[in-house]
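First up is the structure itself, then whatever we jot down about it.
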Amino acid sequence: MKTDFLKGIRDGIPICLGYLSVSFGFGILAVGLGLSILSAVGISLTNLTSAGQVAGVGIIAAGGSLIEMALTQLVINIRYSLMGISLSQKLDGSFNTMHRMIASFGITDEIFAVAVSQKSVSPFYMYGLTVISALGWVSGTFLGAAAGNILPPSLSGAMGIVLYGMFLAIIIPPAKKEKGVLVAVLIAAFLSTIFEFVLKSVSGGFAIIICSVISAAVCAVLFPVSEEKEAEE
Amino acid sequence: MSVIIYIAVMAGVTYLIRMIPFTLFRKKIKSTFFRSFLYYIPYAVLSAITIPAIFYSTGNITTSVIGTVVAVALAYFKLPLIVVALAASAAAFIFGLFI
């Protein structure tokens, strides 16, 4: 239990550092839109998500309706539902309903990515990952909101690549080994680029869902994964 | 409207999206298609999030590309996540000092 928690903390350190830099930007943004430091930190503590929060403070600043707020969060964050189902296949026997209800709070792109690459996932491993990541996310928000403009731009800019570097470290080794993963990565990257430059009106969260569902479905047909192969992972 | 109500709606919707499927989904999936689909989803999601966004992640396309190349090279040789992540950032930072 304790070992799992500590392993989660250790595996979560890159996430923590990445979050620190990304949420720093969120803190600056939120205060710039007229929110208090306390509101910015409160949002990060209760939401633990990047794109949804950025859209959310935009709606608050514009005085949008609560329906708009709820729908926007739904569209941007619905990918977490897919991730939750995917991750549910890896949970170990000690994951009862209560643990699931608590641990689900920590399903973010990054935590999911690290957790799903494990052989099996225990509740305390998830808690370790979540605690260290949330620490980075919340303290980065506070620092950005309180003192956003004192960091040299060269440093805050360079911190912006940390999370993406981690993502590449997760996808490249299996893509090197398995054709199916390589094709999934390439299709998703291609579609995502199309959305970025051609279909600009589609919101970021929604574009990610479309890209990944199409790509994963195509690969599931072309390169079905056998149960034995999955067990080898 | 009070900011706290907005925050409560944001947080509530986001939590339910995460909690409901993760808590209710208990079965091992039998369908090969669906299992394969879920197997590929994480790689597809991460790829879609990373590309093309990584190329302007530092606010400068040149330092972003340098950082990306370093990350790809180190990831190709299976270095640990933290090493790849920080090396990409360090490369972007150091290169940024010279342009």
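Going through the structure tokens in order, the chains are called A, B, and so on, while each chain numbers its residues from 1 and the ligands are numbered from 1 in the order shown.
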Could you give me, as a tab-separated table, a per-residue list for chain B showing, wherever an atom lies at most 7 Å from an atom of chain A, the closest pair of atoms and their distance in Å to one decimal, using only C-alpha atoms and sorting by chain then residue number from low to high?
```
residue	atom	partner	partner_atom	distance
B:Tyr6	CA	A:Leu66	CA	6.6
B:Ile7	CA	A:Ile43	CA	6.2
B:Val9	CA	A:Ala70	CA	6.4
B:Met10	CA	A:Ala70	CA	6.3
B:Ala11	CA	A:Asn47	CA	5.1
B:Val13	CA	A:Ala70	CA	6.2
B:Thr14	CA	A:Gln73	CA	6.3
B:Tyr15	CA	A:Phe105	CA	6.1
B:Ile17	CA	A:Ser81	CA	5.7
B:Arg18	CA	A:Ser81	CA	5.4
B:Met19	CA	A:Ser104	CA	5.0
B:Pro21	CA	A:Ser81	CA	5.8
B:Phe22	CA	A:Gly84	CA	4.6
B:Thr23	CA	A:Arg100	CA	5.3
B:Phe25	CA	A:Ile85	CA	6.4
B:Lys28	CA	A:Gln89	CA	6.3
B:Thr32	CA	A:Pro224	CA	6.7
B:Phe33	CA	A:Ala220	CA	5.6
B:Ser36	CA	A:Ala220	CA	4.9
B:Phe37	CA	A:Ala220	CA	5.0
B:Leu38	CA	A:Ser86	CA	5.3
B:Tyr40	CA	A:Ala216	CA	5.1
B:Ile41	CA	A:Ala216	CA	5.4
B:Pro42	CA	A:Ala113	CA	6.5
B:Tyr43	CA	A:Ile171	CA	5.9
B:Ala44	CA	A:Ser212	CA	4.8
B:Val45	CA	A:Ser212	CA	5.1
B:Leu46	CA	A:Phe167	CA	6.2
B:Ser47	CA	A:Val185	CA	5.4
B:Ala48	CA	A:Ala189	CA	5.0
B:Ile49	CA	A:Ile208	CA	6.7
B:Thr50	CA	A:Tyr164	CA	5.7
B:Ile51	CA	A:Ala189	CA	5.4
B:Pro52	CA	A:Thr193	CA	5.7
B:Ile54	CA	A:Tyr164	CA	6.0
B:Ser57	CA	A:Gly160	CA	5.2
B:Thr58	CA	A:Gly157	CA	4.3
B:Gly59	CA	A:Gly157	CA	5.9
B:Thr68	CA	A:Gly165	CA	6.9
B:Ala71	CA	A:Gly165	CA	5.5
B:Val72	CA	A:Leu168	CA	6.5
B:Ala75	CA	A:Ala169	CA	4.6
B:Tyr76	CA	A:Pro173	CA	5.9
B:Lys78	CA	A:Pro173	CA	6.0
B:Leu81	CA	A:Met166	CA	5.4
B:Ile82	CA	A:Pro14	CA	5.1
B:Val84	CA	A:Gly165	CA	6.1
B:Ala85	CA	A:Gly165	CA	4.4
B:Leu86	CA	A:Val162	CA	6.1
B:Ala88	CA	A:Gly165	CA	6.1
B:Ser89	CA	A:Ala158	CA	5.2
B:Ala92	CA	A:Ala158	CA	5.6
B:Phe93	CA	A:Ala158	CA	5.1
B:Gly96	CA	A:Ser154	CA	6.8
```
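The closest residue to A:Leu38, picked from A:Val198, A:Met126, A:Ala145, A:Pro152 and counting only C-alpha atoms, is A:Ala145.
Counting from atom CA of A:Tyr125, the distance to atom CA of B:Leu79 is 21.7 Å.
Of the listed residues (A:Lys177, A:Ala147, A:Gly32, A:Phe5), A:Lys177 comes nearest to B:Phe77; the distances count only C-alpha atoms.
For the pair atom CA of A:Gly136 and atom CA of A:Ser50, the separation is 12.6 Å.
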Distance query A:Ile28 at most 8 Å, only C-alpha atoms, self and fewer than 3 positions along chain excluded, as an mmCIF file with N, CA and C atoms, in the first residue's frame:
```cif
data_model
loop_
_atom_site.group_PDB
_atom_site.id
_atom_site.type_symbol
_atom_site.label_atom_id
_atom_site.label_comp_id
_atom_site.auth_asym_id
_atom_site.auth_seq_id
_atom_site.Cartn_x
_atom_site.Cartn_y
_atom_site.Cartn_z
ATOM 1 N N PHE A 24 0.911 27.520 -14.096
ATOM 2 C CA PHE A 24 1.439 28.867 -13.916
ATOM 3 C C PHE A 24 0.786 29.803 -14.940
ATOM 4 N N GLY A 25 0.750 29.314 -16.174
ATOM 5 C CA GLY A 25 0.093 30.078 -17.238
ATOM 6 C C GLY A 25 -1.395 30.250 -16.974
ATOM 7 N N VAL A 31 -6.237 35.462 -13.418
ATOM 8 C CA VAL A 31 -6.167 36.770 -12.759
ATOM 9 C C VAL A 31 -6.315 37.896 -13.781
ATOM 10 N N GLY A 32 -5.722 37.678 -14.963
ATOM 11 C CA GLY A 32 -5.855 38.652 -16.040
ATOM 12 C C GLY A 32 -7.309 38.860 -16.456
ATOM 13 N N THR A 141 -0.674 27.173 -10.131
ATOM 14 C CA THR A 141 -1.749 28.149 -10.316
ATOM 15 C C THR A 141 -1.572 29.325 -9.358
ATOM 16 N N GLY A 144 1.438 31.464 -10.404
ATOM 17 C CA GLY A 144 1.121 32.247 -11.604
ATOM 18 C C GLY A 144 0.174 33.389 -11.283
ATOM 19 N N ALA A 145 -0.839 33.089 -10.457
ATOM 20 C CA ALA A 145 -1.834 34.109 -10.119
ATOM 21 C C ALA A 145 -1.212 35.203 -9.257
ATOM 22 N N ALA A 146 -0.316 34.803 -8.353
ATOM 23 C CA ALA A 146 0.235 35.768 -7.396
ATOM 24 C C ALA A 146 1.419 36.549 -7.958
ATOM 25 N N GLY A 148 2.813 36.222 -11.474
ATOM 26 C CA GLY A 148 2.984 35.756 -12.848
ATOM 27 C C GLY A 148 4.039 36.448 -13.670
ATOM 28 N N ASN A 149 4.260 37.712 -13.406
ATOM 29 C CA ASN A 149 5.063 38.446 -14.377
ATOM 30 C C ASN A 149 6.532 38.582 -14.013
#
```
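Put simply, atom CA of B:Tyr39 is 20.3 Å away from atom CA of B:Ile20.
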